[in-house]
Amino acid sequence: MTDTAERARIDESTEQLKEVVIRFAGDSGDGMQLTGDRFTSVSAAFGNDLATLPDFPAEIRAPAGTLAGVSAFQIHISDHDILTPGDNPNVLVAMNPAALVANIHDLPSGGTVILNSDAFDERAYAKASLAGDPRADGTLNGYRVYEVPMTSLTLKACEPTGAKARDAERSKNFFALGLVSWMYTRPTDDTLAWIDKRFGSRPQVADANRRAFIAGYNFGETTELFDHAYEVRPAALAPGTYTNVSGNTALAWGMIAAGQLANLPVFLGSYPITPASDILHELSKHKNFGVRTLQAEDEIAGIGAALGAAFTGQLAFTTTSGPGIDLKAETVGLAVSLELPLVIIDIQRGGPSTGLPTKTEQADLLHVMYGRHGECPVPIVAARTPSHCFDAVIEGCRIALQYRTPVFVLSDGYLANGAEPWRLPRVEDLPDLTVAFADGPNHTLPDGTEVFWPYERDPETLARPWAIPGTPGLEHRVGGIEKADGTGNISYDPANHERMVRLRAAKVAGIAATIPPTDVEDPTGDADILVVGWGSTWGAIQQAAHVLRDRGRKVATAHLVHLNPFPSDLGDVLRRYPRILVPEMNLGQLSRLLRAEYLVDAHTFSKVQGLPFTAAEIEIAIEAELGESR
């Protein structure tokens, strides 16, 4: 069906919805992430606002059909501005019994379940550790259930391709995509064109996927199983050019943009680690922007190469997750001592040790704040949404370049893999990151001789000059042993060491003068509680606050992007409110920092399950906190 004919059909016989939350779930080999990604891309092109929550198995290849091997992708689409991928799905597409059992508890009563009925047999029940058929034991009571023989219909649709049954069966995710595309009136032309492009080098695979997608769409159109289709119309977004972007992609693009804004070559020294590897993959595609990527042999080599690149005058990055931060700690300390710009991007995941490689957690705040020996302050910037990752990394680069310091930029697994529409910024609105390299002597000795001192400091920022090695007359020594202020000579003098420690701390503290004041949302100006968040808790906190305000509750919110140093007015903001609640996906790391720094009674609301907060969870926590205050 062409999109024109589809539009005519939509206008005749569809039910309008303001929003819907759909979750695709199946075995890790069923292509659920691809299915969700394609539905997301088409919905973004259609003009919906959206947010996504991919959920990967923790094991690289868990046994097929088991609960441990279930992969899911949740997408929330709407005709208005939304903040989260939805607390619970309205629709669950389950490709096998394990996927059904692993996800049905999240579906509210009355929700829709679409099952691949061909996958429900005794062998599948045994793999999923089920005693019998979950369709017959009351598991699905209270839901609208549609059983669709997706596998057999896919095999029949793919017969003309000549593909073997096992190969043809792999296209059943496109059958599911076609069916759900019909149910929610998604345009088809973009998906068909994408299939041809993605699988163009394998014509038989492309043909099978096309046929499966069309068969799923036509099944929805012609079967009497469904009463009608639904439509979620485009959202009224602000004018501009939009693209659908994940957090990791936004980070990679921000790194490229920062290089252009600073007029510096970009270097990434990295070792693959979940969930940060996609940044390396994306950045490696853009050598035309002066980008160099090095896949190092380990985490230590990755940051060592990046620090070497910073020494030579490049905009240097290293990317990792929590276990990699453990290994990079000594080199971060070296970067602090050398006072060189280096941006360390940490995509946080559950820990300790290997922990939960594919799950999200705000696990590393105290680690990046204090996880080095000696007095070793490092600025910290945290992204709050997938698209904000672009701005966060540019801000991290601004600080690193202006103050000659390593900077941590924090994201997490939820932001890294989640996606949302992003309005492309105007280039003229982006900050100027250009930096002047040292080009001659900067100090005059008592006898009038002009010399270069590598630790002669800018009086405003306390930053030392950045001199490219090999520049005549600017030769200087670097290394981990303490240097004398000014000359940069090795110094064991006790007074000099204390001076250098205090100077490095003052330099980082001085960054507060260049960051915006705390962004507080308090419509009434006299809220009974301030909810303070950081990182990916932003959407759930905002959604919860909006709901409670609609009920007449006086709730203020403040979301921190700069975590070291804090905004200079944060203490005054915190002391204005009788109650402070800090939702965190850890056991209270920001709460500890706020209590220590400002002596306020900040209460922690924790979740450490490898899953992001839902808005309802935070709403309940706020109500409980307000209840205690009465």
# chains A, B, ... in the order shown; residues from 1 in each chain; ligands from 1
$ residues_around --residues "Ala157 in chain A" --least-positions-apart "5" --cutoff "9 Å" --atoms "only C-alpha atoms" --output "CSV table (one decimal) with N, CA and C atoms, in the first residue's frame"
chain,number,residue,atom,x,y,z
A,152,SER,N,4.7,-19.0,11.1
A,152,SER,CA,4.2,-19.7,9.9
A,152,SER,C,3.8,-18.8,8.8
A,168,ALA,N,14.4,-17.9,6.6
A,168,ALA,CA,13.2,-17.1,6.4
A,168,ALA,C,12.6,-16.8,7.8
A,208,ALA,N,13.1,-11.2,1.6
A,208,ALA,CA,12.4,-11.9,2.7
A,208,ALA,C,11.9,-10.9,3.7
A,211,ARG,N,8.9,-9.0,2.2
A,211,ARG,CA,7.7,-9.8,2.2
A,211,ARG,C,7.1,-10.0,3.5
A,212,ALA,N,8.0,-10.2,4.5
A,212,ALA,CA,7.5,-10.4,5.9
A,212,ALA,C,6.8,-9.1,6.4
A,214,ILE,N,5.4,-6.7,4.7
A,214,ILE,CA,4.2,-6.4,3.9
A,214,ILE,C,3.1,-7.4,4.4
A,215,ALA,N,3.5,-8.7,4.6
A,215,ALA,CA,2.6,-9.7,5.1
A,215,ALA,C,2.0,-9.3,6.5
$ residues_around --residues "Gln348 in chain A" --least-positions-apart "4" --cutoff "9 Å" --atoms "only C-alpha atoms" --output "MDAnalysis selection string"
chainID A and resid 275:276 320:322 359:364 410:414
$ closest_atom_pairs --of "range 350-425 of chain A" --to "range 332-342 of chain A" --cutoff "6 Å" --atoms "only C-alpha atoms" --output "tab-separated table"
residue	atom	partner	partner_atom	distance
A:Ala400	CA	A:Pro341	CA	4.6
A:Leu401	CA	A:Pro341	CA	5.4
A:Arg404	CA	A:Pro341	CA	4.6
A:Thr405	CA	A:Pro341	CA	4.6
A:Pro406	CA	A:Leu342	CA	4.3
$ write_last_selection --atoms "N, CA, C and O atoms" --output "PDB file, in the first residue's frame"
ATOM      1  N   ALA A 400      37.345  21.918  30.068  1.00  0.00           N
ATOM      2  CA  ALA A 400      38.671  21.308  29.934  1.00  0.00           C
ATOM      3  C   ALA A 400      39.643  22.240  29.231  1.00  0.00           C
ATOM      4  O   ALA A 400      40.791  22.411  29.662  1.00  0.00           O
ATOM      5  N   LEU A 401      39.184  22.875  28.153  1.00  0.00           N
ATOM      6  CA  LEU A 401      40.064  23.736  27.375  1.00  0.00           C
ATOM      7  C   LEU A 401      40.355  25.047  28.092  1.00  0.00           C
ATOM      8  O   LEU A 401      41.487  25.536  28.092  1.00  0.00           O
ATOM      9  N   ARG A 404      42.330  23.991  31.523  1.00  0.00           N
ATOM     10  CA  ARG A 404      43.428  23.027  31.425  1.00  0.00           C
ATOM     11  C   ARG A 404      43.303  21.962  32.519  1.00  0.00           C
ATOM     12  O   ARG A 404      44.142  21.846  33.429  1.00  0.00           O
ATOM     13  N   THR A 405      42.260  21.174  32.407  1.00  0.00           N
ATOM     14  CA  THR A 405      41.990  20.165  33.419  1.00  0.00           C
ATOM     15  C   THR A 405      41.278  18.987  32.786  1.00  0.00           C
ATOM     16  O   THR A 405      40.535  19.167  31.805  1.00  0.00           O
ATOM     17  N   PRO A 406      41.461  17.788  33.304  1.00  0.00           N
ATOM     18  CA  PRO A 406      40.572  16.702  32.884  1.00  0.00           C
ATOM     19  C   PRO A 406      39.165  16.966  33.399  1.00  0.00           C
ATOM     20  O   PRO A 406      38.982  17.600  34.449  1.00  0.00           O
TER      21      PRO A 406
END
$ closest_residue --among "A:Gly371, A:Tyr271, A:Val291, A:Gly304" --to "Gly324 in chain A" --atoms "only C-alpha atoms"
A:Tyr271
$ residues_around --residues "Met183 in chain A" --least-positions-apart "2" --cutoff "6 Å" --atoms "only C-alpha atoms" --output "count of residues only"
5
$ decode --residues "range 145-181 of chain A" --atoms "N, CA, C and O atoms" --output "PDB file, in the first residue's frame"
ATOM      1  N   VAL A 145      -6.087 -10.125  24.311  1.00  0.00           N
ATOM      2  CA  VAL A 145      -5.043 -10.994  23.768  1.00  0.00           C
ATOM      3  C   VAL A 145      -5.332 -11.299  22.301  1.00  0.00           C
ATOM      4  O   VAL A 145      -6.441 -11.709  21.944  1.00  0.00           O
ATOM      5  N   TYR A 146      -4.321 -11.097  21.476  1.00  0.00           N
ATOM      6  CA  TYR A 146      -4.402 -11.440  20.058  1.00  0.00           C
ATOM      7  C   TYR A 146      -3.307 -12.459  19.759  1.00  0.00           C
ATOM      8  O   TYR A 146      -2.120 -12.170  19.927  1.00  0.00           O
ATOM      9  N   GLU A 147      -3.710 -13.631  19.334  1.00  0.00           N
ATOM     10  CA  GLU A 147      -2.749 -14.669  18.977  1.00  0.00           C
ATOM     11  C   GLU A 147      -2.579 -14.684  17.455  1.00  0.00           C
ATOM     12  O   GLU A 147      -3.547 -14.873  16.721  1.00  0.00           O
ATOM     13  N   VAL A 148      -1.351 -14.490  17.036  1.00  0.00           N
ATOM     14  CA  VAL A 148      -1.041 -14.400  15.609  1.00  0.00           C
ATOM     15  C   VAL A 148       0.065 -15.408  15.288  1.00  0.00           C
ATOM     16  O   VAL A 148       1.128 -15.375  15.930  1.00  0.00           O
ATOM     17  N   PRO A 149      -0.148 -16.308  14.343  1.00  0.00           N
ATOM     18  CA  PRO A 149       0.902 -17.283  13.981  1.00  0.00           C
ATOM     19  C   PRO A 149       1.991 -16.620  13.138  1.00  0.00           C
ATOM     20  O   PRO A 149       2.111 -16.854  11.933  1.00  0.00           O
ATOM     21  N   MET A 150       2.811 -15.804  13.776  1.00  0.00           N
ATOM     22  CA  MET A 150       3.773 -14.986  13.047  1.00  0.00           C
ATOM     23  C   MET A 150       4.813 -15.830  12.304  1.00  0.00           C
ATOM     24  O   MET A 150       5.176 -15.510  11.163  1.00  0.00           O
ATOM     25  N   THR A 151       5.304 -16.875  12.943  1.00  0.00           N
ATOM     26  CA  THR A 151       6.354 -17.668  12.305  1.00  0.00           C
ATOM     27  C   THR A 151       5.851 -18.335  11.041  1.00  0.00           C
ATOM     28  O   THR A 151       6.484 -18.240   9.977  1.00  0.00           O
ATOM     29  N   SER A 152       4.698 -19.022  11.121  1.00  0.00           N
ATOM     30  CA  SER A 152       4.190 -19.735   9.941  1.00  0.00           C
ATOM     31  C   SER A 152       3.775 -18.775   8.837  1.00  0.00           C
ATOM     32  O   SER A 152       3.998 -19.038   7.647  1.00  0.00           O
ATOM     33  N   LEU A 153       3.199 -17.642   9.203  1.00  0.00           N
ATOM     34  CA  LEU A 153       2.818 -16.660   8.179  1.00  0.00           C
ATOM     35  C   LEU A 153       4.061 -16.054   7.525  1.00  0.00           C
ATOM     36  O   LEU A 153       4.058 -15.764   6.319  1.00  0.00           O
ATOM     37  N   THR A 154       5.106 -15.869   8.298  1.00  0.00           N
ATOM     38  CA  THR A 154       6.361 -15.359   7.727  1.00  0.00           C
ATOM     39  C   THR A 154       6.956 -16.380   6.762  1.00  0.00           C
ATOM     40  O   THR A 154       7.404 -16.027   5.658  1.00  0.00           O
ATOM     41  N   LEU A 155       6.980 -17.648   7.160  1.00  0.00           N
ATOM     42  CA  LEU A 155       7.527 -18.689   6.284  1.00  0.00           C
ATOM     43  C   LEU A 155       6.759 -18.763   4.975  1.00  0.00           C
ATOM     44  O   LEU A 155       7.352 -18.897   3.898  1.00  0.00           O
ATOM     45  N   LYS A 156       5.439 -18.651   5.057  1.00  0.00           N
ATOM     46  CA  LYS A 156       4.621 -18.710   3.838  1.00  0.00           C
ATOM     47  C   LYS A 156       4.892 -17.503   2.944  1.00  0.00           C
ATOM     48  O   LYS A 156       5.024 -17.625   1.731  1.00  0.00           O
ATOM     49  N   ALA A 157       5.007 -16.317   3.572  1.00  0.00           N
ATOM     50  CA  ALA A 157       5.265 -15.107   2.784  1.00  0.00           C
ATOM     51  C   ALA A 157       6.618 -15.168   2.096  1.00  0.00           C
ATOM     52  O   ALA A 157       6.802 -14.596   1.010  1.00  0.00           O
ATOM     53  N   CYS A 158       7.589 -15.843   2.721  1.00  0.00           N
ATOM     54  CA  CYS A 158       8.955 -15.870   2.191  1.00  0.00           C
ATOM     55  C   CYS A 158       9.206 -17.040   1.237  1.00  0.00           C
ATOM     56  O   CYS A 158      10.329 -17.160   0.706  1.00  0.00           O
ATOM     57  N   GLU A 159       8.223 -17.914   1.016  1.00  0.00           N
ATOM     58  CA  GLU A 159       8.428 -19.058   0.127  1.00  0.00           C
ATOM     59  C   GLU A 159       8.942 -18.667  -1.258  1.00  0.00           C
ATOM     60  O   GLU A 159       9.857 -19.299  -1.797  1.00  0.00           O
ATOM     61  N   PRO A 160       8.404 -17.589  -1.888  1.00  0.00           N
ATOM     62  CA  PRO A 160       8.889 -17.238  -3.238  1.00  0.00           C
ATOM     63  C   PRO A 160      10.362 -16.839  -3.290  1.00  0.00           C
ATOM     64  O   PRO A 160      10.960 -16.832  -4.364  1.00  0.00           O
ATOM     65  N   THR A 161      10.963 -16.500  -2.131  1.00  0.00           N
ATOM     66  CA  THR A 161      12.378 -16.093  -2.150  1.00  0.00           C
ATOM     67  C   THR A 161      13.319 -17.275  -2.285  1.00  0.00           C
ATOM     68  O   THR A 161      14.499 -17.092  -2.608  1.00  0.00           O
ATOM     69  N   GLY A 162      12.831 -18.474  -1.998  1.00  0.00           N
ATOM     70  CA  GLY A 162      13.698 -19.651  -2.031  1.00  0.00           C
ATOM     71  C   GLY A 162      14.573 -19.788  -0.811  1.00  0.00           C
ATOM     72  O   GLY A 162      15.440 -20.672  -0.767  1.00  0.00           O
ATOM     73  N   ALA A 163      14.372 -18.949   0.196  1.00  0.00           N
ATOM     74  CA  ALA A 163      15.189 -19.013   1.406  1.00  0.00           C
ATOM     75  C   ALA A 163      14.862 -20.264   2.207  1.00  0.00           C
ATOM     76  O   ALA A 163      13.715 -20.730   2.228  1.00  0.00           O
ATOM     77  N   LYS A 164      15.869 -20.825   2.864  1.00  0.00           N
ATOM     78  CA  LYS A 164      15.650 -21.957   3.746  1.00  0.00           C
ATOM     79  C   LYS A 164      14.742 -21.528   4.893  1.00  0.00           C
ATOM     80  O   LYS A 164      14.731 -20.358   5.291  1.00  0.00           O
ATOM     81  N   ALA A 165      14.007 -22.483   5.438  1.00  0.00           N
ATOM     82  CA  ALA A 165      13.040 -22.155   6.486  1.00  0.00           C
ATOM     83  C   ALA A 165      13.704 -21.460   7.671  1.00  0.00           C
ATOM     84  O   ALA A 165      13.160 -20.491   8.217  1.00  0.00           O
ATOM     85  N   ARG A 166      14.890 -21.934   8.047  1.00  0.00           N
ATOM     86  CA  ARG A 166      15.566 -21.326   9.184  1.00  0.00           C
ATOM     87  C   ARG A 166      15.933 -19.878   8.911  1.00  0.00           C
ATOM     88  O   ARG A 166      15.825 -19.025   9.787  1.00  0.00           O
ATOM     89  N   ASP A 167      16.360 -19.602   7.667  1.00  0.00           N
ATOM     90  CA  ASP A 167      16.708 -18.227   7.305  1.00  0.00           C
ATOM     91  C   ASP A 167      15.466 -17.356   7.194  1.00  0.00           C
ATOM     92  O   ASP A 167      15.457 -16.204   7.643  1.00  0.00           O
ATOM     93  N   ALA A 168      14.407 -17.918   6.602  1.00  0.00           N
ATOM     94  CA  ALA A 168      13.174 -17.149   6.443  1.00  0.00           C
ATOM     95  C   ALA A 168      12.558 -16.797   7.792  1.00  0.00           C
ATOM     96  O   ALA A 168      11.995 -15.709   7.975  1.00  0.00           O
ATOM     97  N   GLU A 169      12.678 -17.722   8.754  1.00  0.00           N
ATOM     98  CA  GLU A 169      12.083 -17.484  10.067  1.00  0.00           C
ATOM     99  C   GLU A 169      12.665 -16.244  10.743  1.00  0.00           C
ATOM    100  O   GLU A 169      11.998 -15.584  11.541  1.00  0.00           O
ATOM    101  N   ARG A 170      13.911 -15.895  10.409  1.00  0.00           N
ATOM    102  CA  ARG A 170      14.536 -14.730  11.020  1.00  0.00           C
ATOM    103  C   ARG A 170      13.832 -13.427  10.654  1.00  0.00           C
ATOM    104  O   ARG A 170      14.072 -12.402  11.270  1.00  0.00           O
ATOM    105  N   SER A 171      12.978 -13.473   9.644  1.00  0.00           N
ATOM    106  CA  SER A 171      12.265 -12.263   9.217  1.00  0.00           C
ATOM    107  C   SER A 171      10.983 -12.029  10.005  1.00  0.00           C
ATOM    108  O   SER A 171      10.262 -11.061   9.726  1.00  0.00           O
ATOM    109  N   LYS A 172      10.688 -12.889  10.991  1.00  0.00           N
ATOM    110  CA  LYS A 172       9.411 -12.733  11.700  1.00  0.00           C
ATOM    111  C   LYS A 172       9.327 -11.435  12.487  1.00  0.00           C
ATOM    112  O   LYS A 172       8.226 -10.946  12.766  1.00  0.00           O
ATOM    113  N   ASN A 173      10.480 -10.855  12.837  1.00  0.00           N
ATOM    114  CA  ASN A 173      10.421  -9.553  13.507  1.00  0.00           C
ATOM    115  C   ASN A 173       9.871  -8.491  12.569  1.00  0.00           C
ATOM    116  O   ASN A 173       9.195  -7.549  13.005  1.00  0.00           O
ATOM    117  N   PHE A 174      10.134  -8.618  11.267  1.00  0.00           N
ATOM    118  CA  PHE A 174       9.565  -7.662  10.314  1.00  0.00           C
ATOM    119  C   PHE A 174       8.070  -7.898  10.128  1.00  0.00           C
ATOM    120  O   PHE A 174       7.325  -6.948   9.858  1.00  0.00           O
ATOM    121  N   PHE A 175       7.616  -9.151  10.282  1.00  0.00           N
ATOM    122  CA  PHE A 175       6.170  -9.390  10.281  1.00  0.00           C
ATOM    123  C   PHE A 175       5.539  -8.651  11.455  1.00  0.00           C
ATOM    124  O   PHE A 175       4.518  -7.963  11.297  1.00  0.00           O
ATOM    125  N   ALA A 176       6.152  -8.779  12.639  1.00  0.00           N
ATOM    126  CA  ALA A 176       5.627  -8.075  13.812  1.00  0.00           C
ATOM    127  C   ALA A 176       5.648  -6.565  13.598  1.00  0.00           C
ATOM    128  O   ALA A 176       4.697  -5.860  13.958  1.00  0.00           O
ATOM    129  N   LEU A 177       6.724  -6.061  13.001  1.00  0.00           N
ATOM    130  CA  LEU A 177       6.815  -4.629  12.727  1.00  0.00           C
ATOM    131  C   LEU A 177       5.721  -4.188  11.759  1.00  0.00           C
ATOM    132  O   LEU A 177       5.102  -3.132  11.951  1.00  0.00           O
ATOM    133  N   GLY A 178       5.475  -4.991  10.725  1.00  0.00           N
ATOM    134  CA  GLY A 178       4.425  -4.652   9.776  1.00  0.00           C
ATOM    135  C   GLY A 178       3.055  -4.624  10.428  1.00  0.00           C
ATOM    136  O   GLY A 178       2.239  -3.722  10.176  1.00  0.00           O
ATOM    137  N   LEU A 179       2.790  -5.605  11.299  1.00  0.00           N
ATOM    138  CA  LEU A 179       1.493  -5.664  11.969  1.00  0.00           C
ATOM    139  C   LEU A 179       1.289  -4.454  12.874  1.00  0.00           C
ATOM    140  O   LEU A 179       0.235  -3.797  12.840  1.00  0.00           O
ATOM    141  N   VAL A 180       2.291  -4.131  13.686  1.00  0.00           N
ATOM    142  CA  VAL A 180       2.152  -2.991  14.597  1.00  0.00           C
ATOM    143  C   VAL A 180       2.152  -1.674  13.817  1.00  0.00           C
ATOM    144  O   VAL A 180       1.496  -0.701  14.208  1.00  0.00           O
ATOM    145  N   SER A 181       2.838  -1.640  12.680  1.00  0.00           N
ATOM    146  CA  SER A 181       2.782  -0.444  11.823  1.00  0.00           C
ATOM    147  C   SER A 181       1.372  -0.222  11.308  1.00  0.00           C
ATOM    148  O   SER A 181       0.905   0.926  11.216  1.00  0.00           O
TER     149      SER A 181
END
